[in-house]
Amino acid sequence: MQVHVVYYLSCNSLLEHLHYVEITLFPNDPLRLKDVFERLTSLRGSGIPLQYSWSCKRNYKSGYVWCDLALNDIIHPAEGAKYILKGSELVQASSEIFGIKGIEKSHH
């Protein structure tokens with residue numbers, strides 16, 4: 001069974017254009033984030049999925065929300081059979097940003 005996934009990548013708080021990927025699943029298997037990672041790795045290289053924090057679009061009341069995902073989480077369709085994901089670029093925290101200074105050891 002083929003499922004169609006549309007995903008955004010967010011870098012520097014800006015959304016890039018949409019990306020589209022098809023993922024093959026066994027019948028009755030739910031789509032999981034690890035399935036998306038495997039497909040993205042085969043298409044774009046092993047580093048791509050791990051550079052982002054992933055969430056899926058979910059209907060909520062009269063609108064929608066972004067639901068954060070872990071590797072084994074099931075991805076639910078946003079509308080009907082539409083799977084919509086967003087990868088937000090992970091930023092390495094710098095100790096300077098938080099005002100944390102390294103502890104220096106004095107040598108006697």
# chains A, B, ... in the order shown; residues from 1 in each chain; ligands from 1
call {"tool": "residues_around", "arguments": {"residues": "Pro77 in chain A", "least_positions_apart": "4", "cutoff": "8 Å", "atoms": "only C-alpha atoms", "output": "short mmCIF file (atom, residue, chain, number, x, y, z; two decimals) with N, CA and C atoms, in the first residue's frame"}}
result
data_model
loop_
_atom_site.label_atom_id
_atom_site.label_comp_id
_atom_site.auth_asym_id
_atom_site.auth_seq_id
_atom_site.Cartn_x
_atom_site.Cartn_y
_atom_site.Cartn_z
N LYS A 57 0.53 17.47 11.20
CA LYS A 57 -0.64 18.34 11.26
C LYS A 57 -1.85 17.50 11.63
N ARG A 58 -2.60 17.94 12.63
CA ARG A 58 -3.80 17.21 13.09
C ARG A 58 -4.97 18.18 13.19
N ALA A 81 -7.04 11.16 3.91
CA ALA A 81 -5.83 10.34 3.84
C ALA A 81 -4.59 11.20 3.59
N LYS A 82 -4.65 12.49 3.92
CA LYS A 82 -3.53 13.39 3.70
C LYS A 82 -2.61 13.40 4.91
N TYR A 83 -1.36 13.05 4.68
CA TYR A 83 -0.34 13.10 5.74
C TYR A 83 0.51 14.34 5.51
N ILE A 84 0.54 15.21 6.51
CA ILE A 84 1.29 16.46 6.39
C ILE A 84 2.24 16.56 7.58
#
call {"tool": "select_by_dssp", "arguments": {"residues": "chain A", "states": "strand (DSSP E)", "output": "number ranges by chain"}}
result
A: 2-11, 14-15, 19-24, 52-60, 63-68, 83-89
call {"tool": "write_last_selection", "arguments": {"atoms": "C-alpha atoms", "output": "compact mmCIF listing (two decimals), in the first residue's frame"}}
result
# COMPACT_ATOMS: atom_id res chain seq x y z
CA GLN A 2 1.32 3.45 -0.92
CA VAL A 3 0.73 6.51 1.25
CA HIS A 4 1.44 10.04 0.13
CA VAL A 5 3.25 12.38 2.49
CA VAL A 6 3.69 16.10 2.05
CA TYR A 7 6.30 17.71 4.26
CA TYR A 8 7.73 21.13 4.96
CA LEU A 9 11.23 21.83 6.20
CA SER A 10 11.63 24.86 8.43
CA CYS A 11 15.07 26.51 8.53
CA LEU A 14 11.15 30.05 7.52
CA LEU A 15 9.20 27.31 5.74
CA HIS A 19 8.19 18.28 -0.53
CA TYR A 20 6.32 15.14 -1.53
CA VAL A 21 7.22 11.50 -0.95
CA GLU A 22 5.48 8.17 -1.38
CA ILE A 23 5.98 5.51 1.27
CA THR A 24 5.17 1.82 0.90
CA TYR A 52 14.98 18.21 12.29
CA SER A 53 12.37 17.90 15.00
CA TRP A 54 9.23 16.42 13.41
CA SER A 55 5.54 17.12 13.89
CA CYS A 56 2.37 16.20 12.04
CA LYS A 57 -0.64 18.34 11.26
CA ARG A 58 -3.80 17.21 13.09
CA ASN A 59 -7.35 18.51 12.99
CA TYR A 60 -8.37 20.13 16.25
CA GLY A 63 -8.65 24.34 13.01
CA TYR A 64 -5.49 22.31 13.33
CA VAL A 65 -2.45 21.82 15.57
CA TRP A 66 1.07 20.51 15.03
CA CYS A 67 1.60 17.33 17.06
CA ASP A 68 5.23 16.58 18.02
CA TYR A 83 -0.34 13.10 5.74
CA ILE A 84 1.29 16.46 6.39
CA LEU A 85 4.57 16.76 8.30
CA LYS A 86 6.85 19.59 9.31
CA GLY A 87 10.54 19.25 10.08
CA SER A 88 11.86 22.12 12.21
CA GLU A 89 15.62 22.55 12.06
call {"tool": "atom_distance", "arguments": {"atom1": "CA of Leu50 in chain A", "atom2": "CA of His17 in chain A"}}
result
19.3 Å
call {"tool": "residues_around", "arguments": {"residues": "Asp73 in chain A", "least_positions_apart": "6", "cutoff": "9 Å", "atoms": "only C-alpha atoms", "output": "ChimeraX atom specification"}}
result
/A:31-34
call {"tool": "write_last_selection", "arguments": {"atoms": "all heavy atoms", "output": "short mmCIF file (atom, residue, chain, number, x, y, z; two decimals), in the first residue's frame"}}
result
data_model
loop_
_atom_site.label_atom_id
_atom_site.label_comp_id
_atom_site.auth_asym_id
_atom_site.auth_seq_id
_atom_site.Cartn_x
_atom_site.Cartn_y
_atom_site.Cartn_z
N LEU A 31 1.22 4.37 9.42
CA LEU A 31 2.42 5.12 9.08
C LEU A 31 3.07 5.61 10.37
O LEU A 31 2.40 6.17 11.24
CB LEU A 31 2.06 6.32 8.18
CG LEU A 31 3.22 7.22 7.77
CD1 LEU A 31 4.23 6.46 6.91
CD2 LEU A 31 2.70 8.44 7.04
N ARG A 32 4.35 5.39 10.50
CA ARG A 32 5.12 5.84 11.66
C ARG A 32 6.24 6.76 11.19
O ARG A 32 6.68 6.69 10.04
CB ARG A 32 5.70 4.66 12.43
CG ARG A 32 4.64 3.77 13.04
CD ARG A 32 5.28 2.63 13.83
NE ARG A 32 4.27 1.73 14.34
CZ ARG A 32 3.65 1.86 15.50
NH1 ARG A 32 3.92 2.88 16.28
NH2 ARG A 32 2.73 1.00 15.88
N LEU A 33 6.72 7.59 12.11
CA LEU A 33 7.80 8.50 11.76
C LEU A 33 9.03 7.73 11.27
O LEU A 33 9.71 8.17 10.36
CB LEU A 33 8.16 9.41 12.94
CG LEU A 33 9.19 10.49 12.66
CD1 LEU A 33 8.75 11.41 11.53
CD2 LEU A 33 9.50 11.29 13.91
N LYS A 34 9.30 6.57 11.85
CA LYS A 34 10.47 5.79 11.41
C LYS A 34 10.34 5.37 9.94
O LYS A 34 11.34 5.28 9.24
CB LYS A 34 10.70 4.59 12.32
CG LYS A 34 9.65 3.53 12.28
CD LYS A 34 10.00 2.40 13.24
CE LYS A 34 8.92 1.34 13.22
NZ LYS A 34 9.26 0.23 14.11
#
call {"tool": "atom_distance", "arguments": {"atom1": "CA of His76 in chain A", "atom2": "CA of Pro30 in chain A"}}
result
8.2 Å
call {"tool": "closest_residue", "arguments": {"among": "A:Thr41, A:Asn72, A:Gln51, A:Ser62", "to": "Leu90 in chain A", "atoms": "only C-alpha atoms"}}
result
A:Gln51
call {"tool": "atom_distance", "arguments": {"atom1": "CA of Val36 in chain A", "atom2": "CA of Ile74 in chain A"}}
result
10.8 Å
call {"tool": "select_by_dssp", "arguments": {"residues": "chain A", "states": "alpha helix (DSSP H)", "output": "compact mmCIF listing (two decimals) with N, CA and C atoms, in the first residue's frame"}}
result
# COMPACT_ATOMS: atom_id res chain seq x y z
N LEU A 33 6.72 7.59 12.11
CA LEU A 33 7.80 8.50 11.76
C LEU A 33 9.03 7.73 11.27
N LYS A 34 9.30 6.57 11.85
CA LYS A 34 10.47 5.79 11.41
C LYS A 34 10.34 5.37 9.94
N ASP A 35 9.11 5.16 9.45
CA ASP A 35 8.90 4.85 8.03
C ASP A 35 9.31 6.04 7.16
N VAL A 36 8.95 7.22 7.61
CA VAL A 36 9.31 8.45 6.89
C VAL A 36 10.82 8.63 6.91
N PHE A 37 11.45 8.39 8.08
CA PHE A 37 12.91 8.51 8.19
C PHE A 37 13.61 7.57 7.21
N GLU A 38 13.15 6.32 7.14
CA GLU A 38 13.78 5.35 6.24
C GLU A 38 13.70 5.82 4.79
N ARG A 39 12.54 6.34 4.40
CA ARG A 39 12.36 6.80 3.02
C ARG A 39 13.21 8.05 2.74
N LEU A 40 13.21 9.00 3.67
CA LEU A 40 14.00 10.21 3.47
C LEU A 40 15.49 9.89 3.43
N THR A 41 15.92 8.95 4.26
CA THR A 41 17.32 8.54 4.25
C THR A 41 17.71 7.96 2.91
N SER A 42 16.82 7.15 2.33
CA SER A 42 17.13 6.55 1.03
C SER A 42 17.16 7.59 -0.09
N LEU A 43 16.39 8.65 0.07
CA LEU A 43 16.31 9.68 -0.97
C LEU A 43 17.31 10.83 -0.80
N ARG A 44 17.54 11.23 0.48
CA ARG A 44 18.30 12.46 0.72
C ARG A 44 19.53 12.28 1.59
N GLY A 47 21.73 11.99 7.09
CA GLY A 47 21.72 13.12 8.00
C GLY A 47 20.44 13.93 8.01
N ILE A 48 19.70 13.90 6.93
CA ILE A 48 18.55 14.79 6.78
C ILE A 48 17.50 14.60 7.87
N PRO A 49 16.97 13.40 8.10
CA PRO A 49 15.90 13.29 9.10
C PRO A 49 16.32 13.71 10.51
N LEU A 50 17.58 13.46 10.85
CA LEU A 50 18.05 13.73 12.20
C LEU A 50 18.37 15.20 12.45
call {"tool": "closest_residue", "arguments": {"among": "A:Leu18, A:Val91, A:Asp29, A:Ser13", "to": "Ile75 in chain A", "atoms": "only C-alpha atoms"}}
result
A:Asp29
